[in-house]
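Source file model_30.pdb; content: PDB, C-alpha atoms.
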```
ATOM      1  CA  MET A 101     -18.400  -2.960  13.600
ATOM      2  CA  SER A 102     -15.043  -4.503  12.748
ATOM      3  CA  LEU A 103     -14.996  -7.461  10.348
ATOM      4  CA  LYS A 104     -11.450  -8.475  11.277
ATOM      5  CA  MET A 105     -11.077 -12.184  12.027
ATOM      6  CA  PRO A 106      -8.102 -14.296  13.104
ATOM      7  CA  ARG A 107      -6.666 -16.332  10.256
ATOM      8  CA  THR A 108      -7.828 -19.607  11.828
ATOM      9  CA  ARG A 109     -11.440 -18.396  11.820
ATOM     10  CA  VAL A 110     -11.086 -17.192   8.224
ATOM     11  CA  LEU A 111      -9.892 -20.620   7.117
ATOM     12  CA  ILE A 112     -12.659 -22.379   9.080
ATOM     13  CA  LEU A 113     -15.209 -20.155   7.317
ATOM     14  CA  ILE A 114     -13.663 -21.063   3.983
ATOM     15  CA  ALA A 115     -13.880 -24.786   4.743
ATOM     16  CA  VAL A 116     -17.498 -24.591   5.929
ATOM     17  CA  CYS A 117     -18.622 -22.645   2.855
ATOM     18  CA  ALA A 118     -16.797 -25.056   0.559
ATOM     19  CA  ALA A 119     -18.362 -28.064   2.293
ATOM     20  CA  LEU A 120     -21.863 -26.647   2.013
ATOM     21  CA  GLY A 121     -21.364 -25.508  -1.530
ATOM     22  CA  ALA A 122     -22.450 -22.037  -0.497
ATOM     23  CA  PRO A 123     -21.096 -18.928  -2.237
ATOM     24  CA  MET A 124     -18.487 -17.026  -0.283
ATOM     25  CA  ALA A 125     -19.551 -13.745   1.300
ATOM     26  CA  HIS A 126     -18.010 -10.695  -0.330
ATOM     27  CA  ALA A 127     -14.729  -9.638   1.294
ATOM     28  CA  ASP A 128     -13.177  -6.246   0.735
ATOM     29  CA  TYR A 129      -9.480  -6.775   1.489
ATOM     30  CA  ALA A 130      -7.116  -9.611   2.279
ATOM     31  CA  VAL A 131      -4.441  -8.269   4.631
ATOM     32  CA  LEU A 132      -1.027  -9.937   4.264
ATOM     33  CA  LYS A 133       1.876 -10.157   6.702
ATOM     34  CA  SER A 134       3.890  -7.892   4.405
ATOM     35  CA  GLY A 135       1.375  -5.104   5.008
ATOM     36  CA  ALA A 136      -0.180  -5.399   1.547
ATOM     37  CA  ARG A 137      -3.956  -5.078   1.357
ATOM     38  CA  ILE A 138      -5.413  -6.851  -1.664
ATOM     39  CA  HIS A 139      -8.956  -6.109  -2.849
ATOM     40  CA  ILE A 140     -10.599  -9.491  -3.431
ATOM     41  CA  THR A 141     -13.888 -11.019  -4.543
ATOM     42  CA  GLY A 142     -13.329 -14.382  -2.843
ATOM     43  CA  TYR A 143     -10.731 -16.762  -1.444
ATOM     44  CA  GLU A 144     -10.179 -20.445  -0.696
ATOM     45  CA  GLU A 145      -7.616 -22.557   1.171
ATOM     46  CA  SER A 146      -6.049 -25.825   0.075
ATOM     47  CA  ASN A 147      -2.900 -27.670   1.134
ATOM     48  CA  GLY A 148      -1.452 -24.742   3.059
ATOM     49  CA  GLN A 149      -2.109 -22.246   0.257
ATOM     50  CA  VAL A 150      -4.758 -19.539   0.023
ATOM     51  CA  LYS A 151      -6.103 -18.655  -3.409
ATOM     52  CA  LEU A 152      -7.143 -15.000  -3.620
ATOM     53  CA  ASN A 153      -9.686 -14.224  -6.328
ATOM     54  CA  PHE A 154     -10.019 -10.717  -7.705
ATOM     55  CA  ASP A 155     -11.354  -8.987 -10.792
ATOM     56  CA  GLY A 156      -9.333 -10.226 -13.727
ATOM     57  CA  GLY A 157      -7.640 -13.231 -12.135
ATOM     58  CA  SER A 158      -6.313 -14.877  -8.990
ATOM     59  CA  ALA A 159      -3.101 -15.524  -7.079
ATOM     60  CA  GLU A 160      -1.978 -18.080  -4.523
ATOM     61  CA  ILE A 161      -0.078 -17.235  -1.340
ATOM     62  CA  PRO A 162       1.065 -19.325   1.647
ATOM     63  CA  ALA A 163      -1.759 -19.591   4.209
ATOM     64  CA  GLY A 164       0.579 -18.178   6.848
ATOM     65  CA  ASP A 165       0.832 -14.930   4.894
ATOM     66  CA  LEU A 166      -2.889 -14.182   5.308
ATOM     67  CA  VAL A 167      -3.505 -12.111   8.435
ATOM     68  CA  SER A 168      -7.170 -11.157   8.129
ATOM     69  CA  ILE A 169     -10.045 -10.072   5.922
ATOM     70  CA  GLU A 170     -10.975  -6.432   6.473
ATOM     71  CA  PRO A 171     -13.363  -3.835   5.038
ATOM     72  CA  GLU A 172     -12.171  -1.072   2.793
ATOM     73  CA  GLU A 173     -11.460   2.230   4.492
ATOM     74  CA  GLN A 174     -11.654   5.630   2.878
ATOM     75  CA  PHE A 175      -9.424   8.443   4.029
ATOM     76  CA  GLN A 176     -10.855  11.915   4.328
ATOM     77  CA  ALA A 177      -8.905  14.470   2.377
ATOM     78  CA  VAL A 178      -7.407  17.439   4.141
ATOM     79  CA  ALA A 179      -9.417  20.516   3.194
ATOM     80  CA  VAL A 180      -7.220  22.611   0.937
ATOM     81  CA  THR A 181      -7.836  25.208  -1.702
ATOM     82  CA  ALA A 182      -6.964  24.474  -5.310
ATOM     83  CA  PRO A 183      -3.229  23.701  -5.171
ATOM     84  CA  THR A 184      -0.668  25.957  -6.797
ATOM     85  CA  PRO A 185       3.105  25.534  -6.694
ATOM     86  CA  SER A 186       3.278  27.854  -3.676
ATOM     87  CA  THR A 187       0.314  26.461  -1.731
ATOM     88  CA  GLU A 188       0.539  22.707  -2.303
ATOM     89  CA  PRO A 189       0.198  20.806   0.982
ATOM     90  CA  TYR A 190       3.528  20.211   2.728
ATOM     91  CA  ALA A 191       5.474  21.610  -0.254
ATOM     92  CA  ASP A 192       8.435  22.733   1.889
ATOM     93  CA  LEU A 193       8.655  19.377   3.699
ATOM     94  CA  ILE A 194       8.445  17.441   0.433
ATOM     95  CA  HIS A 195      11.142  19.626  -1.107
ATOM     96  CA  ALA A 196      13.434  19.136   1.897
ATOM     97  CA  ALA A 197      13.010  15.346   1.914
ATOM     98  CA  ALA A 198      13.434  15.128  -1.862
ATOM     99  CA  THR A 199      16.642  17.154  -1.726
ATOM    100  CA  LYS A 200      18.055  15.168   1.189
ATOM    101  CA  HIS A 201      17.458  11.752  -0.379
ATOM    102  CA  GLY A 202      17.691  12.567  -4.075
ATOM    103  CA  VAL A 203      14.092  11.581  -4.817
ATOM    104  CA  ASP A 204      11.789  13.341  -7.280
ATOM    105  CA  GLU A 205       9.480  15.760  -5.452
ATOM    106  CA  ASN A 206       6.596  14.840  -7.725
ATOM    107  CA  LEU A 207       7.081  11.158  -6.899
ATOM    108  CA  ILE A 208       6.819  11.850  -3.167
ATOM    109  CA  ARG A 209       3.742  13.997  -3.746
ATOM    110  CA  LYS A 210       2.020  11.327  -5.863
ATOM    111  CA  VAL A 211       2.739   8.626  -3.290
ATOM    112  CA  ILE A 212       1.269  10.774  -0.500
ATOM    113  CA  ALA A 213      -1.845  11.408  -2.594
ATOM    114  CA  GLU A 214      -2.315   7.683  -3.242
ATOM    115  CA  GLU A 215      -1.471   6.539   0.281
ATOM    116  CA  SER A 216      -3.387   9.004   2.481
ATOM    117  CA  ASN A 217      -4.945  11.696   0.286
ATOM    118  CA  PHE A 218      -2.807  14.185   2.254
ATOM    119  CA  ASN A 219      -4.408  13.227   5.578
ATOM    120  CA  PRO A 220      -1.569  13.289   8.187
ATOM    121  CA  LEU A 221      -3.692  11.319  10.675
ATOM    122  CA  ALA A 222      -4.671   8.489   8.307
ATOM    123  CA  VAL A 223      -4.457   4.997   9.835
ATOM    124  CA  SER A 224      -5.162   1.795   7.914
ATOM    125  CA  PRO A 225      -6.509  -1.417   9.532
ATOM    126  CA  LYS A 226      -2.977  -2.812   9.182
ATOM    127  CA  ARG A 227      -1.724   0.159  11.265
ATOM    128  CA  ALA A 228       0.032   1.929   8.394
ATOM    129  CA  GLN A 229       0.089   5.516   9.572
ATOM    130  CA  GLY A 230       0.404   9.109   8.492
ATOM    131  CA  LEU A 231       0.882  10.845   5.189
ATOM    132  CA  MET A 232       3.022   8.140   3.591
ATOM    133  CA  GLN A 233       1.326   5.258   5.430
ATOM    134  CA  LEU A 234       4.360   3.895   7.247
ATOM    135  CA  LEU A 235       3.988   0.533   8.956
ATOM    136  CA  PRO A 236       5.271   0.508  12.559
ATOM    137  CA  GLU A 237       8.330  -1.558  11.596
ATOM    138  CA  THR A 238       9.149   0.829   8.734
ATOM    139  CA  ALA A 239       8.788   3.844  11.019
ATOM    140  CA  ALA A 240      11.095   2.179  13.563
ATOM    141  CA  ARG A 241      13.647   1.322  10.864
ATOM    142  CA  TYR A 242      13.924   5.001   9.943
ATOM    143  CA  SER A 243      13.912   6.240  13.570
ATOM    144  CA  VAL A 244      10.549   8.017  13.387
ATOM    145  CA  ALA A 245       9.620   9.242  16.868
ATOM    146  CA  ASN A 246       6.174  10.593  15.915
ATOM    147  CA  VAL A 247       4.714   8.963  12.825
ATOM    148  CA  PHE A 248       1.919  11.561  12.659
ATOM    149  CA  ASP A 249       4.373  14.440  12.450
ATOM    150  CA  PRO A 250       4.334  15.408   8.743
ATOM    151  CA  ALA A 251       8.046  16.287   8.639
ATOM    152  CA  GLN A 252       9.158  12.974  10.149
ATOM    153  CA  ASN A 253       6.694  10.914   8.115
ATOM    154  CA  ILE A 254       7.619  12.488   4.790
ATOM    155  CA  GLU A 255      11.340  12.292   5.513
ATOM    156  CA  ALA A 256      11.119   8.591   6.378
ATOM    157  CA  GLY A 257       8.827   7.813   3.436
ATOM    158  CA  ALA A 258      11.202   9.547   1.024
ATOM    159  CA  HIS A 259      14.131   7.639   2.537
ATOM    160  CA  TYR A 260      12.219   4.360   2.093
ATOM    161  CA  LEU A 261      11.423   5.213  -1.533
ATOM    162  CA  LYS A 262      15.104   5.945  -2.139
ATOM    163  CA  ASP A 263      16.102   2.611  -0.613
ATOM    164  CA  LEU A 264      13.556   0.769  -2.758
ATOM    165  CA  LEU A 265      14.761   2.518  -5.908
ATOM    166  CA  THR A 266      18.312   1.478  -5.010
ATOM    167  CA  ARG A 267      17.185  -2.099  -4.291
ATOM    168  CA  TYR A 268      15.550  -2.345  -7.724
ATOM    169  CA  SER A 269      18.307  -0.540  -9.626
ATOM    170  CA  GLY A 270      16.228   2.555 -10.299
ATOM    171  CA  ASP A 271      13.204   0.645 -11.633
ATOM    172  CA  LEU A 272      10.397   2.981 -10.552
ATOM    173  CA  ARG A 273       7.603   0.486 -11.236
ATOM    174  CA  LEU A 274       9.172  -2.184  -9.045
ATOM    175  CA  ALA A 275       9.943   0.343  -6.305
ATOM    176  CA  LEU A 276       6.325   1.514  -6.279
ATOM    177  CA  ALA A 277       5.028  -2.057  -6.282
ATOM    178  CA  ALA A 278       7.258  -2.803  -3.302
ATOM    179  CA  TYR A 279       6.067   0.324  -1.497
ATOM    180  CA  ASN A 280       2.480  -0.825  -1.966
ATOM    181  CA  ALA A 281       2.690  -4.601  -1.551
ATOM    182  CA  GLY A 282       6.024  -5.083   0.209
ATOM    183  CA  PRO A 283       9.419  -5.949  -1.278
ATOM    184  CA  GLU A 284       9.075  -9.591  -0.211
ATOM    185  CA  VAL A 285       5.979  -9.937  -2.412
ATOM    186  CA  VAL A 286       7.704  -8.256  -5.373
ATOM    187  CA  ASP A 287      10.706 -10.535  -4.962
ATOM    188  CA  ARG A 288       8.467 -13.612  -4.700
ATOM    189  CA  TYR A 289       6.827 -12.802  -8.037
ATOM    190  CA  ALA A 290      10.060 -11.483  -9.567
ATOM    191  CA  GLY A 291       8.173  -8.384 -10.671
ATOM    192  CA  ILE A 292       4.962  -6.488 -10.076
ATOM    193  CA  PRO A 293       2.622  -8.955  -8.310
ATOM    194  CA  PRO A 294      -0.632  -9.935 -10.065
ATOM    195  CA  PHE A 295      -2.780  -7.950  -7.647
ATOM    196  CA  PRO A 296      -5.076  -5.423  -9.370
ATOM    197  CA  GLU A 297      -4.739  -2.967  -6.495
ATOM    198  CA  THR A 298      -0.943  -2.926  -6.752
ATOM    199  CA  GLN A 299      -1.026  -2.794 -10.544
ATOM    200  CA  ARG A 300      -3.456   0.132 -10.481
ATOM    201  CA  TYR A 301      -1.329   1.870  -7.827
ATOM    202  CA  VAL A 302       1.783   1.604  -9.988
ATOM    203  CA  SER A 303      -0.053   2.609 -13.176
ATOM    204  CA  ARG A 304      -1.755   5.644 -11.643
ATOM    205  CA  ILE A 305       1.444   7.077 -10.197
ATOM    206  CA  THR A 306       3.646   6.417 -13.225
ATOM    207  CA  ALA A 307       0.999   7.750 -15.634
ATOM    208  CA  SER A 308       0.523  10.882 -13.548
ATOM    209  CA  LEU A 309       4.279  11.475 -13.410
ATOM    210  CA  ALA A 310       4.594  10.990 -17.167
ATOM    211  CA  GLN A 311       1.763  13.450 -17.730
ATOM    212  CA  GLU A 312       3.455  16.090 -15.614
ATOM    213  CA  ASN A 313       6.830  15.505 -17.254
ATOM    214  CA  ALA A 314       5.240  15.950 -20.666
ATOM    215  CA  LYS A 315       4.031  19.413 -19.632
ATOM    216  CA  ASN A 316       7.542  20.512 -18.583
TER     217      ASN A 316
END
```
Taking this structure as input, can you express it in the form of structure tokens?
Amino acid sequence: MSLKMPRTRVLILIAVCAALGAPMAHADYAVLKSGARIHITGYEESNGQVKLNFDGGSAEIPAGDLVSIEPEEQFQAVAVTAPTPSTEPYADLIHAAATKHGVDENLIRKVIAEESNFNPLAVSPKRAQGLMQLLPETAARYSVANVFDPAQNIEAGAHYLKDLLTRYSGDLRLALAAYNAGPEVVDRYAGIPPFPETQRYVSRITASLAQENAKN
């Protein structure tokens, strides 16, 4: 059963719970207009702002930026044998996109692993789709005709990563934060936003890349 609620109902629920002094029910994700999905432990609205509480802190956003509260989804991994350089999923497509846009192949691969766990049919509640979890507007921006086609999805995702790296002058951490939370959110906070999910996303990918580079 879907737990998605219109923002007006979410804010009414907040007000009722606050008035009664009752503890807020656990919510898995706050979905923002930017497409970011923030794992939260609670939330409250005041004077047109919504305070999102999460493990380790909180952050305030404009109430209009909150779209809904939704449960966490888990993508099923594509069944593959233990990867080797010659059998890694979509290796040829990743290589082609990396070469075309001048993006590190390992970066593309790590983003795919984090975004969809190599499931080409993955769809998030916010309608991010495919291997690199492209939002409909992002897919349209990069002229993707079939977002579930691995070649088109990877090519567009690599192009988007390249554009984000250019936007942030090659700063990989900011580019990854923008890929996860949206560039508007990164610009608003003038850096990686204080959302644990985004911070973990950036840390996992950069640490994994550094580990691989150390082996080479």
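Restricting the calculation to all atoms listed in the file, the smallest distance between Pro236 of chain A and any of A:Val150, A:Ala256, A:Leu166, A:Phe218 is found for A:Ala256.
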Expand the PyMOL selection byres ((chain A and resi 200-209) around 12) into the individual residues it matches in the shown file, reporting them as a ChimeraX atom specification.
/A:185,188-199,210-218,231-232,253-266,270,272-273,275-276,279,302,304-313
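Considering the residues A:Phe295, A:Gln252, A:Arg267, A:Arg241 and counting all atoms listed in the file, Pro283 of chain A has its shortest atom-to-atom contact with A:Arg267.
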I'd like to see the residues matched by the PyMOL selection byres ((chain A and resi 294) around 10) on this file, and ideally I'd get them as a ChimeraX atom specification.
/A:154,156-160,286,289,291-293,295-299
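Within 10 Å of the point (-7.1, -18.5, -1.2) in file coordinates, and counting only C-alpha atoms, lie the residues Leu111, Ile114, Ala130, Ile140, Gly142, Tyr143, Glu144, Glu145, Ser146, Gly148, Gln149, Val150, Lys151, Leu152, Asn153, Ser158, Ala159, Glu160, Ile161, Pro162, Ala163 and Leu166 of chain A.
The space between atom CA of Val247 of chain A and atom CA of Ala228 of chain A spans 9.5 Å.
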So how many Å separate atom CA of Val244 of chain A and atom CA of Glu170 of chain A, to one decimal?
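Here the two named atoms are 26.8 Å from each other.
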List the spatial neighbours of Leu235 of chain A as a ChimeraX atom specification - criterion: any atom at most 10 Å away, all atoms listed in the file, same-chain residues fewer than 2 positions off excluded.
/A:134-135,223-224,226-230,232-233,237-241,247
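The coordinates place atom CA of Ser243 of chain A at 23.9 Å from atom CA of Leu132 of chain A.
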Have a look at A:Leu234, A:Ile169, A:Ala281, A:Ala222 and name the one nearest to Thr141 of chain A; count all atoms listed in the file.
A:Ile169
Determine the axis-aligned bounding box of all atoms of segment 211-223 of chain A present in the file, pad each side by 3 Å, and express its centre and edge lengths in Å to one decimal place as JSON.
```
{"center_x": -1.1, "center_y": 9.6, "center_z": 3.7, "size_x": 13.7, "size_y": 15.2, "size_z": 20.0}
```
Mind completing segment 188-205 of chain A with N, CA and C atoms? Output as a PDB file, keeping the file's coordinate frame, please?
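part_32.pdb was written with the following content:
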```pdb
ATOM      1  N   GLU A 188       0.743  24.138  -2.398  1.00  0.00           N
ATOM      2  CA  GLU A 188       0.539  22.707  -2.303  1.00  0.00           C
ATOM      3  C   GLU A 188       0.801  22.232  -0.875  1.00  0.00           C
ATOM      4  N   PRO A 189       0.002  21.281  -0.382  1.00  0.00           N
ATOM      5  CA  PRO A 189       0.198  20.806   0.982  1.00  0.00           C
ATOM      6  C   PRO A 189       1.611  20.274   1.203  1.00  0.00           C
ATOM      7  N   TYR A 190       2.224  20.720   2.282  1.00  0.00           N
ATOM      8  CA  TYR A 190       3.528  20.211   2.728  1.00  0.00           C
ATOM      9  C   TYR A 190       4.633  20.387   1.684  1.00  0.00           C
ATOM     10  N   ALA A 191       4.508  21.411   0.841  1.00  0.00           N
ATOM     11  CA  ALA A 191       5.474  21.610  -0.254  1.00  0.00           C
ATOM     12  C   ALA A 191       6.897  21.750   0.271  1.00  0.00           C
ATOM     13  N   ASP A 192       7.086  22.523   1.355  1.00  0.00           N
ATOM     14  CA  ASP A 192       8.435  22.733   1.889  1.00  0.00           C
ATOM     15  C   ASP A 192       9.019  21.436   2.446  1.00  0.00           C
ATOM     16  N   LEU A 193       8.177  20.639   3.129  1.00  0.00           N
ATOM     17  CA  LEU A 193       8.655  19.377   3.699  1.00  0.00           C
ATOM     18  C   LEU A 193       8.995  18.375   2.604  1.00  0.00           C
ATOM     19  N   ILE A 194       8.178  18.340   1.558  1.00  0.00           N
ATOM     20  CA  ILE A 194       8.445  17.441   0.433  1.00  0.00           C
ATOM     21  C   ILE A 194       9.733  17.839  -0.268  1.00  0.00           C
ATOM     22  N   HIS A 195       9.927  19.139  -0.457  1.00  0.00           N
ATOM     23  CA  HIS A 195      11.142  19.626  -1.107  1.00  0.00           C
ATOM     24  C   HIS A 195      12.380  19.264  -0.284  1.00  0.00           C
ATOM     25  N   ALA A 196      12.294  19.439   1.028  1.00  0.00           N
ATOM     26  CA  ALA A 196      13.434  19.136   1.897  1.00  0.00           C
ATOM     27  C   ALA A 196      13.784  17.651   1.861  1.00  0.00           C
ATOM     28  N   ALA A 197      12.767  16.791   1.932  1.00  0.00           N
ATOM     29  CA  ALA A 197      13.010  15.346   1.914  1.00  0.00           C
ATOM     30  C   ALA A 197      13.537  14.900   0.555  1.00  0.00           C
ATOM     31  N   ALA A 198      12.991  15.484  -0.516  1.00  0.00           N
ATOM     32  CA  ALA A 198      13.434  15.128  -1.862  1.00  0.00           C
ATOM     33  C   ALA A 198      14.892  15.504  -2.066  1.00  0.00           C
ATOM     34  N   THR A 199      15.259  16.687  -1.590  1.00  0.00           N
ATOM     35  CA  THR A 199      16.642  17.154  -1.726  1.00  0.00           C
ATOM     36  C   THR A 199      17.595  16.296  -0.909  1.00  0.00           C
ATOM     37  N   LYS A 200      17.194  15.955   0.299  1.00  0.00           N
ATOM     38  CA  LYS A 200      18.055  15.168   1.189  1.00  0.00           C
ATOM     39  C   LYS A 200      18.334  13.780   0.630  1.00  0.00           C
ATOM     40  N   HIS A 201      17.309  13.148   0.036  1.00  0.00           N
ATOM     41  CA  HIS A 201      17.458  11.752  -0.379  1.00  0.00           C
ATOM     42  C   HIS A 201      17.566  11.573  -1.893  1.00  0.00           C
ATOM     43  N   GLY A 202      17.548  12.676  -2.626  1.00  0.00           N
ATOM     44  CA  GLY A 202      17.691  12.567  -4.075  1.00  0.00           C
ATOM     45  C   GLY A 202      16.524  11.874  -4.737  1.00  0.00           C
ATOM     46  N   VAL A 203      15.311  12.182  -4.265  1.00  0.00           N
ATOM     47  CA  VAL A 203      14.092  11.581  -4.817  1.00  0.00           C
ATOM     48  C   VAL A 203      13.262  12.690  -5.465  1.00  0.00           C
ATOM     49  N   ASP A 204      12.626  12.379  -6.566  1.00  0.00           N
ATOM     50  CA  ASP A 204      11.789  13.341  -7.280  1.00  0.00           C
ATOM     51  C   ASP A 204      10.669  13.855  -6.368  1.00  0.00           C
ATOM     52  N   GLU A 205      10.545  15.173  -6.273  1.00  0.00           N
ATOM     53  CA  GLU A 205       9.480  15.760  -5.452  1.00  0.00           C
ATOM     54  C   GLU A 205       8.106  15.297  -5.904  1.00  0.00           C
TER      55      GLU A 205
END
```
